[in-house]
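Novice: Just dropping this structure here.
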Amino acid sequence: MAREYFVQVAYLLASGLFILGLKGMGSAETARRGMFLAEAGMLLAVIGTLLQAQILRYEWILVGLAVGSAVGVAISLRVPMTAMPQRIAASHAFGALAATLVGVAEFLGSQGHGEVIEHPKMAALGFEVMFGSLTVTGSIMAFGKLQEILPSAPITYRGQNATNIALFLATVGLYVYLIVVPDAAWAFYAMIGLGLAIGILIVLPIGGADMPVVISLLNSYAGLASSATGFAIGNNVLIIAGALDGASGFILSILMSRAMNRSFTNVLFGAFGSAPAAAALKGGTALPVREVTIEDAAVQLAFARRVIVVPGYGLAVAQAQHQVRELAQQVERQGGEVLYAIHPVAGRMPGHMNVLLAEANVPYDALRDMDEINPDFPECDVSLVVGANDVVNPAARTDQSSPIFGMPILDVDKSKSIIVMKRSMNPGFAGIENALFYDPKTAMLFGDAKSSLSKLVAHMKGL
Amino acid sequence: MSNTGLASFMALYVFMLAAFVGYQVIGRVPALLHTPLMSATNAISGISLVGSLVAAGSDDTVTTILGTVAVAAASINVVGGFLITDRMLRMFKHDPARPAKRPKLGHGG
């Protein structure tokens with residue numbers, strides 16, 4: 001009995017420590033301390049669990065812990081910051097897999113003992129494996145797209161939405177049936193099968209630029225599956241930690257959708273990238289773009305007082321974050337001031353650009369959110385756009401026919417001059433022409449961002 | 001209503017309150033830290049380890065196998081998640097030369 005109390009006290013403390021840990025995330029100064037609290041909470045919860053009387057043998061636990069820890073350490077020490085979205089997607093898959101397997105084990109255990117699971121427990125168990133299974137395959141698909149094992153462009157076909165909705169309704173139907181008839185093993189496994197299929201099918205039509213929303217939604221689902229595990233096995237610390245994770249994913253999904261001016265349903269069923277690729281600029285005539293040489297761009301930057309760098313996914317692809325920081329330092333040495341404008345959906349996951357720039361030793365004081373920096377653009381001498389496209393497209397403000405109309409953007413077009421670093425003139429992911437590139441104030445600097453930036457720094461040093 | 005039915009209601013209360021707390025606490029996390037936040041909540045949701053440990057420690061072979069795989073998957077998230085969150089957070093540096101209050105561009109010198 002004393003042992004039971006100890007376990008419950010450990011769980012209670014762990015729950016409190018998790019909340020305090022996430023509270024620490026409220027600022028960069030307290031975040032690390034917060035994480036130590038959360039880690040202590042996790043340790044307590046694990047020790048508490050290992051002391052439970054239900055645990056009859058330890059050898060397989062040790063095997064699982066050893067394998068998981070070794071893989072976890074290996075992945076987390078080696079993964080580059082540019083690959084963070086893939087790693088997060090993979091970890092959603094692992095989390096959901098654990099929840100699903102626990103659900104299956106619980107179901108099998110009850111069947112093996114010839115017990116009929118009670119209705120409320122079946123409701124939790126069903127929810128756990130339904131959300132768990134679709135999160136497993138959905139996250140694997142997201143991982144594949146982000147890692148570019150799978151094509152990152154949307155894959156669409158006729159009747160796609162109708163098929164997905166029908167499958168989803170069938171799954172929910174099985175779930176309801178299971179709650180009423182909890183010993184229907186066929187329905188349980190059919191539901192898992194459908195869940196796995198739905199996970200694949202709903203991520204197929206989603207393109208790279210929509211990944212921030214999808215990753216956040218999958219985060220939320222993984223959390224809800226963990227929470228449902230807590231309901232199924234009657235464990236409050238699981239319910240609480242899962243709810244925190246679910247809330248976090250939910251908030252991030254809302255923020256990301258808002259930053260794209262789109263609803264969840266639009267992201268899930270919209271297949272954005274399939275919009276007619278030739279959403280040509282007014283009249284469709286090929287407008288001239290102004291190209292700039294490295295030399296001219298270097299002069300422009302060397303004499304600029306106020307520079308705003310606008311990073312996008314292209315920065316991550318080119319892995320040019322260190323070169324961006326070198327350029328900023330050079331501008332500062334020559335008397336200029338550099339800030340970074342971060343759009344909420346720049347990159348492939350929430351906060352992606354901040355982490356990349358932090359890795360390159362850019363102090364976080366220089367990183368500004370969209371709302372904070374937009375009033376500064378009219379006073380900015382040079383805006384340097386590195387691999388960003390849709391988030392700086394003024395069509396979002398002006399062109400009602402544009403698929404991105406209404407999306408909040410960085411007001412780069414209001415700055416005194418603009419240099420856009422871009423690989424080629426191909427339209428951005430969304431296949432939408434960008435009016436910014438044809439603005440008379442804009443100069444295009446074509447080529448690989450990393451080498452262009454290095455050349456710029458070298459030329460500026462020579463001035 | 002049966003006892004388990006009532007117990008699930010208590011669990012719903014716990015869930016609801018935790019979700020509210022989570023919403024309030026996480027709503028205050030700045031966009032700057034959204035990636036570490038995601039990685040941290042991933043690590044915390046590795047708490048399904050708790051359920052997995054019980055399954056892996058059972059005396060039924062199939063349950064043990066499923067549990068062991070679940071323990072491995074969950075501990076990848078816990079260990080990897082916390083390590084990588086810390087790795088990221090260590091990179092976020094404050095520039096002592098800049099005043100703590102963010103000045104408007106061009107007005108701070």
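Each chain of the structure tokens is named A, B, ... in the order shown, its residues numbered from 1; ligands are numbered from 1 in display order.
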Would you mind listing, as an mmCIF file with N, CA and C atoms, in the first residue's frame, all residues of chain B that have at least one atom within 6 Å of chain A, where only C-alpha atoms are what counts?
Specialist:
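Saved to result.cif:
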data_model
loop_
_atom_site.group_PDB
_atom_site.id
_atom_site.type_symbol
_atom_site.label_atom_id
_atom_site.label_comp_id
_atom_site.auth_asym_id
_atom_site.auth_seq_id
_atom_site.Cartn_x
_atom_site.Cartn_y
_atom_site.Cartn_z
ATOM 1 N N PHE B 15 -8.592 15.752 -17.636
ATOM 2 C CA PHE B 15 -8.222 16.097 -19.013
ATOM 3 C C PHE B 15 -8.585 17.546 -19.328
ATOM 4 N N ALA B 18 -6.330 20.002 -17.482
ATOM 5 C CA ALA B 18 -4.969 19.984 -18.040
ATOM 6 C C ALA B 18 -4.942 20.672 -19.394
ATOM 7 N N ALA B 19 -5.986 20.448 -20.195
ATOM 8 C CA ALA B 19 -6.023 21.084 -21.519
ATOM 9 C C ALA B 19 -6.104 22.598 -21.368
ATOM 10 N N GLY B 22 -2.723 23.808 -20.245
ATOM 11 C CA GLY B 22 -1.823 23.734 -21.396
ATOM 12 C C GLY B 22 -2.066 24.882 -22.356
ATOM 13 N N TYR B 23 -3.329 25.169 -22.616
ATOM 14 C CA TYR B 23 -3.666 26.233 -23.556
ATOM 15 C C TYR B 23 -3.137 27.571 -23.060
ATOM 16 N N VAL B 25 -0.678 28.133 -20.717
ATOM 17 C CA VAL B 25 0.776 28.167 -20.583
ATOM 18 C C VAL B 25 1.430 28.235 -21.964
ATOM 19 N N ARG B 28 1.519 31.376 -24.234
ATOM 20 C CA ARG B 28 2.473 32.437 -23.925
ATOM 21 C C ARG B 28 3.866 32.153 -24.462
ATOM 22 N N VAL B 29 4.057 31.020 -25.098
ATOM 23 C CA VAL B 29 5.385 30.709 -25.635
ATOM 24 C C VAL B 29 5.609 31.554 -26.898
ATOM 25 N N LEU B 32 9.535 32.579 -31.332
ATOM 26 C CA LEU B 32 10.965 32.275 -31.336
ATOM 27 C C LEU B 32 11.234 30.830 -30.921
ATOM 28 N N HIS B 34 9.076 28.169 -30.920
ATOM 29 C CA HIS B 34 8.071 27.174 -31.307
ATOM 30 C C HIS B 34 8.668 25.813 -31.677
ATOM 31 N N THR B 35 9.834 25.796 -32.316
ATOM 32 C CA THR B 35 10.441 24.495 -32.630
ATOM 33 C C THR B 35 10.890 23.760 -31.362
ATOM 34 N N THR B 41 7.379 19.126 -26.128
ATOM 35 C CA THR B 41 6.106 18.446 -25.875
ATOM 36 C C THR B 41 6.167 17.006 -26.399
ATOM 37 N N SER B 45 5.361 13.888 -24.201
ATOM 38 C CA SER B 45 4.334 12.908 -24.562
ATOM 39 C C SER B 45 4.929 11.505 -24.631
ATOM 40 N N SER B 48 3.972 8.108 -22.595
ATOM 41 C CA SER B 48 3.292 6.829 -22.879
ATOM 42 C C SER B 48 4.222 5.669 -22.515
ATOM 43 N N SER B 52 3.671 1.749 -21.560
ATOM 44 C CA SER B 52 4.472 0.754 -22.264
ATOM 45 C C SER B 52 5.254 -0.128 -21.293
ATOM 46 N N VAL B 54 4.475 -1.039 -18.279
ATOM 47 C CA VAL B 54 3.590 -2.020 -17.648
ATOM 48 C C VAL B 54 3.342 -3.189 -18.605
ATOM 49 N N ALA B 56 5.315 -4.143 -21.151
ATOM 50 C CA ALA B 56 6.558 -4.898 -21.359
ATOM 51 C C ALA B 56 6.884 -5.776 -20.159
ATOM 52 N N GLY B 57 6.390 -5.399 -18.992
ATOM 53 C CA GLY B 57 6.686 -6.168 -17.788
ATOM 54 C C GLY B 57 5.642 -7.213 -17.469
ATOM 55 N N SER B 58 4.735 -7.501 -18.419
ATOM 56 C CA SER B 58 3.685 -8.484 -18.126
ATOM 57 C C SER B 58 4.204 -9.905 -18.359
ATOM 58 N N THR B 63 1.843 -9.573 -25.234
ATOM 59 C CA THR B 63 1.807 -8.267 -24.577
ATOM 60 C C THR B 63 3.224 -7.756 -24.339
ATOM 61 N N LEU B 66 4.727 -6.512 -27.698
ATOM 62 C CA LEU B 66 4.165 -5.206 -28.061
ATOM 63 C C LEU B 66 4.688 -4.135 -27.110
ATOM 64 N N THR B 68 7.485 -4.101 -25.358
ATOM 65 C CA THR B 68 8.908 -3.809 -25.535
ATOM 66 C C THR B 68 9.126 -2.853 -26.702
ATOM 67 N N ALA B 70 6.935 -0.766 -27.795
ATOM 68 C CA ALA B 70 6.403 0.525 -27.352
ATOM 69 C C ALA B 70 7.389 1.242 -26.431
ATOM 70 N N VAL B 71 8.042 0.488 -25.531
ATOM 71 C CA VAL B 71 9.039 1.098 -24.634
ATOM 72 C C VAL B 71 10.164 1.713 -25.463
ATOM 73 N N ALA B 72 10.626 0.959 -26.475
ATOM 74 C CA ALA B 72 11.709 1.479 -27.315
ATOM 75 C C ALA B 72 11.255 2.756 -28.020
ATOM 76 N N ALA B 73 10.058 2.723 -28.637
ATOM 77 C CA ALA B 73 9.577 3.900 -29.377
ATOM 78 C C ALA B 73 9.425 5.102 -28.451
ATOM 79 N N ALA B 74 8.833 4.871 -27.281
ATOM 80 C CA ALA B 74 8.597 5.992 -26.360
ATOM 81 C C ALA B 74 9.912 6.529 -25.811
ATOM 82 N N SER B 75 10.881 5.620 -25.540
ATOM 83 C CA SER B 75 12.128 6.154 -24.961
ATOM 84 C C SER B 75 12.973 6.864 -26.015
ATOM 85 N N ILE B 76 12.782 6.523 -27.302
ATOM 86 C CA ILE B 76 13.436 7.337 -28.343
ATOM 87 C C ILE B 76 12.946 8.779 -28.197
ATOM 88 N N ASN B 77 11.633 8.938 -27.998
ATOM 89 C CA ASN B 77 11.074 10.288 -27.876
ATOM 90 C C ASN B 77 11.536 10.997 -26.617
ATOM 91 N N VAL B 79 14.265 10.351 -24.522
ATOM 92 C CA VAL B 79 15.705 10.627 -24.488
ATOM 93 C C VAL B 79 16.092 11.583 -25.620
ATOM 94 N N GLY B 80 15.686 11.208 -26.844
ATOM 95 C CA GLY B 80 16.026 12.051 -27.994
ATOM 96 C C GLY B 80 15.378 13.425 -27.894
ATOM 97 N N ILE B 84 17.582 16.851 -27.739
ATOM 98 C CA ILE B 84 17.581 17.768 -28.876
ATOM 99 C C ILE B 84 16.978 19.120 -28.488
ATOM 100 N N MET B 91 21.566 26.959 -28.194
ATOM 101 C CA MET B 91 21.981 27.816 -29.301
ATOM 102 C C MET B 91 21.375 29.210 -29.236
ATOM 103 N N PHE B 92 20.257 29.349 -28.533
ATOM 104 C CA PHE B 92 19.614 30.664 -28.477
ATOM 105 C C PHE B 92 20.408 31.573 -27.561
ATOM 106 N N LYS B 93 21.049 32.566 -28.169
ATOM 107 C CA LYS B 93 21.923 33.437 -27.380
ATOM 108 C C LYS B 93 21.421 34.859 -27.400
ATOM 109 N N HIS B 94 21.583 35.497 -26.239
ATOM 110 C CA HIS B 94 21.227 36.892 -26.086
ATOM 111 C C HIS B 94 22.454 37.727 -26.412
ATOM 112 N N ASP B 95 22.271 38.816 -27.104
ATOM 113 C CA ASP B 95 23.395 39.687 -27.421
ATOM 114 C C ASP B 95 23.486 40.764 -26.350
#
Novice: Using DSSP on the backbone coordinates, identify the residues of region 19-105 of chain B assigned to helix (DSSP H, G or I); present them as a count of residues only.
Specialist: 66
Novice: Excluding Asn393 (chain A) and residues on its chain fewer than 4 positions from it, collect all residues at most 12 Å away from it, counting only C-alpha atoms, and give them as a short mmCIF file (atom, residue, chain, number, x, y, z; two decimals) with N, CA and C atoms, in the first residue's frame.
Specialist:
data_model
loop_
_atom_site.label_atom_id
_atom_site.label_comp_id
_atom_site.auth_asym_id
_atom_site.auth_seq_id
_atom_site.Cartn_x
_atom_site.Cartn_y
_atom_site.Cartn_z
N LEU A 281 0.73 36.70 -63.77
CA LEU A 281 0.63 38.07 -63.34
C LEU A 281 -0.27 38.80 -64.33
N VAL A 385 16.03 39.20 -49.37
CA VAL A 385 15.15 38.02 -49.30
C VAL A 385 15.97 36.79 -49.68
N ALA A 388 12.89 33.05 -49.62
CA ALA A 388 11.48 33.17 -49.24
C ALA A 388 10.72 33.60 -50.48
N ASN A 389 9.45 33.19 -50.57
CA ASN A 389 8.70 33.55 -51.77
C ASN A 389 7.27 33.96 -51.43
N ARG A 397 -1.93 40.88 -50.57
CA ARG A 397 -2.62 42.08 -50.12
C ARG A 397 -3.53 42.65 -51.20
N THR A 398 -3.09 42.53 -52.47
CA THR A 398 -3.73 43.31 -53.52
C THR A 398 -4.58 42.51 -54.50
N ASP A 399 -4.21 41.27 -54.78
CA ASP A 399 -4.83 40.54 -55.88
C ASP A 399 -5.87 39.56 -55.37
N SER A 402 -5.75 35.90 -56.39
CA SER A 402 -4.61 35.06 -56.02
C SER A 402 -5.01 34.03 -54.97
N PRO A 403 -4.52 32.80 -55.09
CA PRO A 403 -4.84 31.77 -54.09
C PRO A 403 -4.37 32.15 -52.69
N ILE A 404 -3.37 33.03 -52.60
CA ILE A 404 -2.90 33.39 -51.27
C ILE A 404 -3.48 34.73 -50.81
N PHE A 405 -4.51 35.24 -51.51
CA PHE A 405 -5.08 36.53 -51.12
C PHE A 405 -5.56 36.49 -49.67
N GLY A 406 -5.18 37.51 -48.89
CA GLY A 406 -5.61 37.57 -47.50
C GLY A 406 -4.59 37.03 -46.52
N MET A 407 -3.60 36.31 -47.02
CA MET A 407 -2.56 35.78 -46.13
C MET A 407 -1.71 36.93 -45.62
N PRO A 408 -1.46 37.01 -44.30
CA PRO A 408 -0.60 38.09 -43.83
C PRO A 408 0.83 37.89 -44.34
N ILE A 409 1.45 38.95 -44.85
CA ILE A 409 2.80 38.81 -45.40
C ILE A 409 3.74 39.82 -44.77
N LEU A 410 5.02 39.61 -45.00
CA LEU A 410 6.03 40.59 -44.60
C LEU A 410 6.03 41.70 -45.65
N ASP A 411 5.97 42.96 -45.19
CA ASP A 411 5.81 44.08 -46.13
C ASP A 411 7.14 44.47 -46.77
N VAL A 412 7.81 43.49 -47.35
CA VAL A 412 9.11 43.73 -47.96
C VAL A 412 9.03 44.76 -49.08
N ASP A 413 7.90 44.76 -49.82
CA ASP A 413 7.76 45.67 -50.96
C ASP A 413 7.75 47.13 -50.54
N LYS A 414 7.59 47.40 -49.24
CA LYS A 414 7.57 48.79 -48.78
C LYS A 414 8.97 49.32 -48.49
N VAL A 420 16.54 40.08 -54.02
CA VAL A 420 15.97 38.74 -53.84
C VAL A 420 17.00 37.72 -54.30
N PRO A 427 8.44 29.68 -60.23
CA PRO A 427 7.57 30.19 -59.18
C PRO A 427 7.73 29.38 -57.90
N GLY A 428 7.30 29.95 -56.80
CA GLY A 428 7.45 29.31 -55.50
C GLY A 428 6.64 28.05 -55.41
N ALA A 430 3.84 27.29 -54.14
CA ALA A 430 2.41 27.35 -54.42
C ALA A 430 2.14 27.57 -55.90
N GLY A 431 3.21 27.75 -56.71
CA GLY A 431 3.01 27.90 -58.14
C GLY A 431 2.43 29.25 -58.50
N ILE A 432 2.62 30.22 -57.61
CA ILE A 432 2.04 31.54 -57.84
C ILE A 432 3.16 32.50 -58.22
N GLU A 433 2.89 33.30 -59.24
CA GLU A 433 3.88 34.32 -59.60
C GLU A 433 4.00 35.33 -58.47
N ASN A 434 5.20 35.85 -58.27
CA ASN A 434 5.41 36.80 -57.19
C ASN A 434 5.65 38.20 -57.75
N ALA A 435 4.69 39.10 -57.49
CA ALA A 435 4.76 40.46 -58.03
C ALA A 435 6.00 41.20 -57.51
N LEU A 436 6.48 40.78 -56.35
CA LEU A 436 7.66 41.46 -55.76
C LEU A 436 8.85 41.41 -56.71
N PHE A 437 8.99 40.27 -57.44
CA PHE A 437 10.16 40.10 -58.30
C PHE A 437 10.16 41.07 -59.47
N TYR A 438 8.97 41.60 -59.81
CA TYR A 438 8.87 42.50 -60.96
C TYR A 438 8.80 43.96 -60.53
N ASP A 439 8.87 44.18 -59.22
CA ASP A 439 8.85 45.54 -58.69
C ASP A 439 10.11 46.28 -59.16
#
